[in-house]
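A.B. asks: Handing over final_10.cif, mmCIF, C-alpha atoms.
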```cif
data_final
#
loop_
_atom_site.group_PDB
_atom_site.id
_atom_site.type_symbol
_atom_site.label_atom_id
_atom_site.label_comp_id
_atom_site.auth_asym_id
_atom_site.auth_seq_id
_atom_site.Cartn_x
_atom_site.Cartn_y
_atom_site.Cartn_z
ATOM 1 C CA SER A 23 174.009 -200.991 261.663
ATOM 2 C CA ILE A 24 173.212 -197.311 261.187
ATOM 3 C CA GLY A 25 176.717 -196.493 259.912
ATOM 4 C CA GLY A 26 178.968 -198.049 257.338
ATOM 5 C CA ARG A 27 180.460 -196.943 254.050
ATOM 6 C CA ARG A 28 178.418 -194.573 251.962
ATOM 7 C CA GLN A 29 178.592 -193.641 248.286
ATOM 8 C CA PHE A 30 180.542 -190.456 249.026
ATOM 9 C CA HIS A 31 183.254 -192.182 251.057
ATOM 10 C CA GLY A 32 186.490 -192.291 249.093
ATOM 11 C CA SER A 33 188.287 -195.538 248.299
ATOM 12 C CA LYS A 34 191.243 -194.313 250.385
ATOM 13 C CA GLU A 35 189.112 -193.044 253.255
ATOM 14 C CA VAL A 36 189.643 -194.583 256.675
ATOM 15 C CA PHE A 37 187.668 -193.901 259.842
ATOM 16 C CA LEU A 38 188.842 -193.204 263.354
ATOM 17 C CA SER A 39 186.936 -195.661 265.533
ATOM 18 C CA ASP A 40 186.561 -196.889 269.090
ATOM 19 C CA HIS A 41 186.585 -200.468 267.733
ATOM 20 C CA TYR A 42 189.795 -202.413 267.332
ATOM 21 C CA ASP A 43 190.890 -205.878 266.314
ATOM 22 C CA VAL A 44 194.017 -207.711 267.344
ATOM 23 C CA GLN A 45 196.030 -208.700 264.265
ATOM 24 C CA SER A 46 199.182 -210.723 263.799
ATOM 25 C CA ALA A 47 202.204 -208.617 262.837
ATOM 26 C CA ASP A 48 202.606 -210.932 259.830
ATOM 27 C CA THR A 49 199.425 -209.507 258.278
ATOM 28 C CA ILE A 50 200.765 -205.926 258.133
ATOM 29 C CA GLU A 51 202.111 -205.183 254.669
ATOM 30 C CA ALA A 52 203.473 -201.647 255.036
ATOM 31 C CA LYS A 53 203.217 -198.312 256.804
ATOM 32 C CA CYS A 54 200.682 -195.774 255.522
ATOM 33 C CA THR A 55 200.179 -192.057 256.017
ATOM 34 C CA VAL A 56 196.736 -190.882 257.139
ATOM 35 C CA HIS A 57 196.109 -187.234 256.265
ATOM 36 C CA SER A 58 193.333 -184.940 257.365
ATOM 37 C CA PHE A 59 190.728 -184.573 254.622
ATOM 38 C CA LYS A 60 191.838 -181.006 253.947
ATOM 39 C CA SER A 61 195.525 -181.853 253.548
ATOM 40 C CA TYR A 62 194.724 -184.957 251.436
ATOM 41 C CA THR A 63 192.751 -182.895 248.907
ATOM 42 C CA LYS A 64 195.736 -180.539 248.570
ATOM 43 C CA LEU A 65 198.302 -183.264 247.802
ATOM 44 C CA ASP A 66 200.015 -182.780 244.436
ATOM 45 C CA ALA A 67 200.148 -186.531 243.923
ATOM 46 C CA VAL A 68 198.434 -189.225 245.984
ATOM 47 C CA GLY A 69 200.689 -192.207 246.605
ATOM 48 C CA ASN A 70 199.745 -195.813 247.342
ATOM 49 C CA ASP A 71 200.474 -195.215 251.035
ATOM 50 C CA ASP A 72 198.360 -192.021 251.322
ATOM 51 C CA PHE A 73 194.924 -192.247 252.998
ATOM 52 C CA PHE A 74 192.622 -189.713 254.628
ATOM 53 C CA CYS A 75 190.228 -189.473 257.561
ATOM 54 C CA ARG A 76 187.351 -187.027 258.000
ATOM 55 C CA PHE A 77 184.981 -189.031 260.248
ATOM 56 C CA GLU A 78 185.055 -190.760 263.591
ATOM 57 C CA TYR A 79 182.955 -193.923 263.749
ATOM 58 C CA ASN A 80 181.290 -195.067 266.987
ATOM 59 C CA SER A 81 180.909 -198.846 266.734
ATOM 60 C CA ALA A 82 178.405 -199.027 269.610
ATOM 61 C CA THR A 83 175.924 -196.631 267.994
ATOM 62 C CA GLY A 84 176.940 -197.078 264.347
ATOM 63 C CA ALA A 85 177.085 -193.302 263.995
ATOM 64 C CA PHE A 86 179.637 -191.040 262.341
ATOM 65 C CA ASN A 87 180.938 -187.805 263.794
ATOM 66 C CA PRO A 88 180.506 -185.289 262.326
ATOM 67 C CA ASP A 89 177.052 -186.504 261.384
ATOM 68 C CA ARG A 90 176.638 -183.856 258.687
ATOM 69 C CA VAL A 91 178.986 -182.616 255.988
ATOM 70 C CA ALA A 92 178.710 -179.988 253.260
ATOM 71 C CA VAL A 93 176.951 -181.150 250.110
ATOM 72 C CA TYR A 94 177.620 -180.126 246.511
ATOM 73 C CA CYS A 95 176.098 -180.444 243.056
ATOM 74 C CA LYS A 96 172.466 -180.925 242.036
ATOM 75 C CA CYS A 97 172.556 -184.379 243.616
ATOM 76 C CA GLU A 98 173.441 -182.868 247.025
ATOM 77 C CA MET A 99 176.167 -185.403 247.804
ATOM 78 C CA PRO A 100 179.196 -184.704 249.996
ATOM 79 C CA TYR A 101 182.527 -184.385 248.219
ATOM 80 C CA ASN A 102 184.291 -187.650 247.304
ATOM 81 C CA PRO A 103 187.898 -187.080 246.158
ATOM 82 C CA ASP A 104 187.601 -190.154 243.890
ATOM 83 C CA ASP A 105 184.975 -188.390 241.747
ATOM 84 C CA LEU A 106 185.780 -185.654 239.257
ATOM 85 C CA MET A 107 183.876 -182.414 239.763
ATOM 86 C CA VAL A 108 183.859 -179.113 237.875
ATOM 87 C CA GLN A 109 183.469 -175.702 239.515
ATOM 88 C CA CYS A 110 181.192 -172.997 238.130
ATOM 89 C CA GLU A 111 183.098 -169.756 237.691
ATOM 90 C CA GLY A 112 179.952 -167.736 238.365
ATOM 91 C CA CYS A 113 178.669 -169.108 241.667
ATOM 92 C CA SER A 114 181.631 -171.324 242.714
ATOM 93 C CA ASP A 115 179.379 -174.386 243.163
ATOM 94 C CA TRP A 116 180.807 -177.809 242.238
ATOM 95 C CA PHE A 117 179.126 -180.331 239.908
ATOM 96 C CA HIS A 118 179.630 -183.965 238.889
ATOM 97 C CA PRO A 119 179.913 -184.342 235.102
ATOM 98 C CA ALA A 120 176.978 -186.806 234.975
ATOM 99 C CA CYS A 121 174.761 -184.350 236.877
ATOM 100 C CA ILE A 122 175.324 -181.671 234.214
ATOM 101 C CA GLU A 123 174.896 -184.176 231.370
ATOM 102 C CA MET A 124 178.578 -184.277 230.419
ATOM 103 C CA THR A 125 181.218 -186.984 230.454
ATOM 104 C CA ALA A 126 184.430 -186.763 232.456
ATOM 105 C CA GLU A 127 186.326 -186.473 229.156
ATOM 106 C CA GLU A 128 184.181 -183.517 228.064
ATOM 107 C CA VAL A 129 184.687 -181.753 231.399
ATOM 108 C CA LYS A 130 188.449 -182.237 231.169
ATOM 109 C CA LEU A 131 188.400 -180.401 227.819
ATOM 110 C CA LEU A 132 186.686 -177.310 229.258
ATOM 111 C CA ASP A 133 188.768 -174.226 229.935
ATOM 112 C CA HIS A 134 185.877 -172.581 231.835
ATOM 113 C CA TYR A 135 182.501 -173.667 233.148
ATOM 114 C CA PHE A 136 179.314 -171.787 234.087
ATOM 115 C CA CYS A 137 176.300 -173.674 235.442
ATOM 116 C CA GLU A 138 172.790 -173.380 233.955
ATOM 117 C CA THR A 139 171.738 -170.948 236.685
ATOM 118 C CA CYS A 140 174.627 -168.574 236.009
ATOM 119 C CA LEU A 141 174.183 -168.829 232.230
ATOM 120 C CA SER A 142 170.491 -167.951 232.533
ATOM 121 C CA GLU A 143 171.152 -164.881 234.684
ATOM 122 C CA ASP A 144 171.394 -161.425 233.213
ATOM 123 C CA PRO A 145 174.079 -161.655 230.493
ATOM 124 C CA LYS A 146 175.397 -158.214 231.488
ATOM 125 C CA LYS A 147 176.048 -159.453 235.029
ATOM 126 C CA LEU A 148 177.866 -162.507 233.681
ATOM 127 C CA GLN A 149 179.810 -160.325 231.248
ATOM 128 C CA ASN A 150 180.880 -157.968 234.060
ATOM 129 C CA SER A 151 181.917 -160.916 236.189
ATOM 130 C CA LEU A 152 183.944 -162.366 233.334
ATOM 131 C CA ALA A 153 185.548 -159.059 232.427
ATOM 132 C CA SER A 154 186.649 -158.371 235.991
ATOM 133 C CA SER A 155 187.860 -161.910 236.616
ATOM 134 C CA VAL A 156 189.949 -162.217 233.456
ATOM 135 C CA ASP A 157 190.535 -158.494 232.709
ATOM 136 C CA LEU A 158 189.057 -158.469 229.201
ATOM 137 C CA ASP A 159 187.654 -155.559 227.202
ATOM 138 C CA THR A 160 183.931 -155.680 226.322
ATOM 139 C CA LYS A 161 184.346 -156.939 222.739
ATOM 140 C CA THR A 162 186.751 -159.702 223.782
ATOM 141 C CA CYS A 163 184.471 -160.610 226.675
ATOM 142 C CA ASN A 164 181.403 -160.819 224.383
ATOM 143 C CA ASP A 165 183.342 -162.971 221.906
ATOM 144 C CA TYR A 166 184.519 -165.179 224.746
ATOM 145 C CA MET A 167 181.001 -165.545 226.208
ATOM 146 C CA SER A 168 179.552 -166.392 222.807
ATOM 147 C CA LYS A 169 182.204 -169.016 222.117
ATOM 148 C CA PHE A 170 181.972 -170.388 225.645
ATOM 149 C CA LYS A 171 178.180 -170.612 225.652
ATOM 150 C CA PHE A 172 178.223 -172.595 222.411
ATOM 151 C CA ARG A 173 180.873 -174.872 223.831
ATOM 152 C CA ILE A 174 178.714 -175.608 226.897
ATOM 153 C CA LEU A 175 175.617 -176.130 224.766
ATOM 154 C CA ASP A 176 177.537 -178.589 222.623
ATOM 155 C CA ARG A 177 178.722 -180.451 225.719
ATOM 156 C CA GLY A 178 182.429 -179.764 225.307
ATOM 157 C CA LYS A 179 182.639 -180.168 221.517
ATOM 158 C CA ASP A 180 184.368 -177.281 219.735
ATOM 159 C CA LEU A 181 182.540 -176.016 216.649
ATOM 160 C CA THR A 182 183.885 -173.916 213.817
ATOM 161 C CA SER A 183 182.223 -170.546 213.327
ATOM 162 C CA GLU A 184 180.490 -171.935 210.206
ATOM 163 C CA GLU A 185 179.126 -174.920 212.172
ATOM 164 C CA ARG A 186 177.924 -172.565 214.913
ATOM 165 C CA GLU A 187 176.168 -170.275 212.452
ATOM 166 C CA GLU A 188 174.464 -173.242 210.794
ATOM 167 C CA LYS A 189 173.478 -174.903 214.058
ATOM 168 C CA TYR A 190 172.272 -171.775 215.897
ATOM 169 C CA LYS A 191 170.520 -169.739 213.165
#
```
As a first step, turn the structure in this file into structure tokens.
C.D. replies:
Amino acid sequence: SIGGRRQFHGSKEVFLSDHYDVQSADTIEAKCTVHSFKSYTKLDAVGNDDFFCRFEYNSATGAFNPDRVAVYCKCEMPYNPDDLMVQCEGCSDWFHPACIEMTAEEVKLLDHYFCETCLSEDPKKLQNSLASSVDLDTKTCNDYMSKFKFRILDRGKDLTSEEREEKYK
């Protein structure tokens, strides 16, 4: 068939479909709640009985509706709520840790993240963006950018100032 589960479909994703099967009532274990995709991603805690639906599946054609969804990251995959992603504070794009050569653990340690594109832009533009977004004076902002850039370059590992000086002479 043309359709079917794809890599970006979440483990708790169900599909509205024109196909149905008749099942014995004895096979039903419990009631579940099916949320819209938007409301599911805003849940504070996802329970065992919480599922979501963002597609309708036509069994006759094997096609999903909508047939296109927004894509994110360098890999251009649609969002899967099962996969951790980190948002760039410069451009607001989202990235999978593996696609930016980091582990999930390293990403979880980050306080802030800027993608390669934003880091390579004019430092003054990035500094102004940082200063306005976190209301810092220029010296504090420069110190922050320097510390942050080293943290990104070291893939989430904090370095002492002595280690930084030695490593980045």
A.B. asks: Report as a ChimeraX atom specification the full result of the PyMOL selection byres ((chain A and resi 126) around 12) when it is applied to this structure.
C.D. replies: /A:105-108,117-125,127-132,177-178
A.B. asks: Can you write out the residues you just picked, keeping C-alpha atoms, as a compact mmCIF listing (two decimals), keeping the file's coordinate frame?
C.D. replies:
```txt
# COMPACT_ATOMS: atom_id res chain seq x y z
CA ASP A 105 184.98 -188.39 241.75
CA LEU A 106 185.78 -185.65 239.26
CA MET A 107 183.88 -182.41 239.76
CA VAL A 108 183.86 -179.11 237.88
CA PHE A 117 179.13 -180.33 239.91
CA HIS A 118 179.63 -183.96 238.89
CA PRO A 119 179.91 -184.34 235.10
CA ALA A 120 176.98 -186.81 234.98
CA CYS A 121 174.76 -184.35 236.88
CA ILE A 122 175.32 -181.67 234.21
CA GLU A 123 174.90 -184.18 231.37
CA MET A 124 178.58 -184.28 230.42
CA THR A 125 181.22 -186.98 230.45
CA GLU A 127 186.33 -186.47 229.16
CA GLU A 128 184.18 -183.52 228.06
CA VAL A 129 184.69 -181.75 231.40
CA LYS A 130 188.45 -182.24 231.17
CA LEU A 131 188.40 -180.40 227.82
CA LEU A 132 186.69 -177.31 229.26
CA ARG A 177 178.72 -180.45 225.72
CA GLY A 178 182.43 -179.76 225.31
```
A.B. asks: Find the distance between atom CA of A:Ala52 and atom CA of A:Phe73 and write it in Å to one decimal.
C.D. replies: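 According to the coordinates, atom CA of A:Ala52 and atom CA of A:Phe73 are separated by 12.9 Å.
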A.B. asks: Report, in Å with one decimal, the straight-line distance from atom CA of A:Leu65 to atom CA of A:Ala85.
C.D. replies: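 The value is 28.5 Å.
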A.B. asks: So, with all atoms listed in the file as the atoms that count, which of A:Asp104, A:Cys95, A:Glu35, A:Ser61 lies closest to A:Cys137?
C.D. replies: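 With all atoms listed in the file as the atom set, the closest residue is A:Cys95.
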A.B. asks: Here's the selection I'm unsure about, the PyMOL selection byres ((chain A and resi 75) around 7); applied to the file above, which residues does it give, as a PyMOL selection string?
C.D. replies: chain A and resi 35-37+56-59+74+76-77
A.B. asks: Some atoms are absent from stretch 85-96 of chain A, so rebuild all heavy atoms and return them as a CSV table (one decimal), keeping the file's coordinate frame.
C.D. replies:
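Listing of out.csv after writing:
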```
chain,number,residue,atom,x,y,z
A,85,ALA,N,177.2,-194.7,264.5
A,85,ALA,CA,177.1,-193.3,264.0
A,85,ALA,C,178.4,-192.7,263.7
A,85,ALA,O,179.5,-193.1,264.3
A,85,ALA,CB,176.4,-192.4,265.0
A,86,PHE,N,178.4,-191.8,262.7
A,86,PHE,CA,179.6,-191.0,262.3
A,86,PHE,C,179.6,-189.7,263.0
A,86,PHE,O,178.5,-189.1,263.2
A,86,PHE,CB,179.7,-190.8,260.8
A,86,PHE,CG,180.1,-192.1,260.1
A,86,PHE,CD1,179.1,-192.8,259.4
A,86,PHE,CD2,181.4,-192.5,260.0
A,86,PHE,CE1,179.5,-194.0,258.7
A,86,PHE,CE2,181.8,-193.6,259.3
A,86,PHE,CZ,180.8,-194.3,258.7
A,87,ASN,N,180.8,-189.2,263.3
A,87,ASN,CA,180.9,-187.8,263.8
A,87,ASN,C,182.0,-187.1,262.9
A,87,ASN,O,183.1,-187.7,262.8
A,87,ASN,CB,181.3,-187.8,265.3
A,87,ASN,CG,181.4,-186.4,265.8
A,87,ASN,OD1,180.7,-185.5,265.3
A,87,ASN,ND2,182.2,-186.2,266.8
A,88,PRO,N,181.8,-186.0,262.3
A,88,PRO,CA,180.5,-185.3,262.3
A,88,PRO,C,179.4,-186.1,261.6
A,88,PRO,O,179.7,-186.9,260.7
A,88,PRO,CB,180.8,-184.0,261.6
A,88,PRO,CG,182.0,-184.3,260.7
A,88,PRO,CD,182.7,-185.4,261.4
A,89,ASP,N,178.2,-185.8,262.0
A,89,ASP,CA,177.1,-186.5,261.4
A,89,ASP,C,176.5,-185.8,260.1
A,89,ASP,O,175.7,-186.3,259.4
A,89,ASP,CB,175.9,-186.7,262.4
A,89,ASP,CG,175.3,-185.4,262.9
A,89,ASP,OD1,175.9,-184.4,262.7
A,89,ASP,OD2,174.2,-185.5,263.5
A,90,ARG,N,177.0,-184.6,259.9
A,90,ARG,CA,176.6,-183.9,258.7
A,90,ARG,C,177.9,-183.3,258.0
A,90,ARG,O,178.8,-182.8,258.7
A,90,ARG,CB,175.7,-182.7,259.0
A,90,ARG,CG,174.4,-183.2,259.6
A,90,ARG,CD,173.4,-182.0,259.8
A,90,ARG,NE,172.3,-182.5,260.6
A,90,ARG,CZ,171.2,-182.9,260.1
A,90,ARG,NH1,171.0,-182.9,258.8
A,90,ARG,NH2,170.2,-183.3,260.8
A,91,VAL,N,177.9,-183.2,256.7
A,91,VAL,CA,179.0,-182.6,256.0
A,91,VAL,C,178.4,-181.8,254.9
A,91,VAL,O,177.2,-182.0,254.5
A,91,VAL,CB,180.0,-183.7,255.4
A,91,VAL,CG1,180.7,-184.3,256.5
A,91,VAL,CG2,179.3,-184.7,254.5
A,92,ALA,N,179.2,-180.8,254.4
A,92,ALA,CA,178.7,-180.0,253.3
A,92,ALA,C,178.4,-180.8,252.0
A,92,ALA,O,179.1,-181.8,251.8
A,92,ALA,CB,179.8,-179.0,252.9
A,93,VAL,N,177.3,-180.4,251.3
A,93,VAL,CA,177.0,-181.2,250.1
A,93,VAL,C,177.2,-180.2,248.9
A,93,VAL,O,177.2,-179.0,249.0
A,93,VAL,CB,175.5,-181.7,250.2
A,93,VAL,CG1,175.3,-182.7,251.2
A,93,VAL,CG2,174.5,-180.5,250.4
A,94,TYR,N,177.3,-180.9,247.7
A,94,TYR,CA,177.6,-180.1,246.5
A,94,TYR,C,176.8,-180.7,245.4
A,94,TYR,O,176.2,-181.8,245.5
A,94,TYR,CB,179.1,-180.3,246.1
A,94,TYR,CG,180.0,-179.8,247.2
A,94,TYR,CD1,180.5,-180.6,248.2
A,94,TYR,CD2,180.4,-178.4,247.3
A,94,TYR,CE1,181.3,-180.2,249.2
A,94,TYR,CE2,181.2,-178.0,248.3
A,94,TYR,CZ,181.7,-178.8,249.3
A,94,TYR,OH,182.5,-178.4,250.2
A,95,CYS,N,176.7,-180.0,244.3
A,95,CYS,CA,176.1,-180.4,243.1
A,95,CYS,C,174.6,-180.5,243.2
A,95,CYS,O,174.0,-180.2,244.2
A,95,CYS,CB,176.6,-181.8,242.7
A,95,CYS,SG,176.2,-182.4,241.0
A,96,LYS,N,173.9,-180.8,242.1
A,96,LYS,CA,172.5,-180.9,242.0
A,96,LYS,C,172.0,-182.1,242.9
A,96,LYS,O,171.0,-182.2,243.4
A,96,LYS,CB,172.0,-181.1,240.6
A,96,LYS,CG,172.2,-180.0,239.7
A,96,LYS,CD,171.7,-180.4,238.3
A,96,LYS,CE,171.9,-179.4,237.3
A,96,LYS,NZ,171.5,-179.8,235.9
```
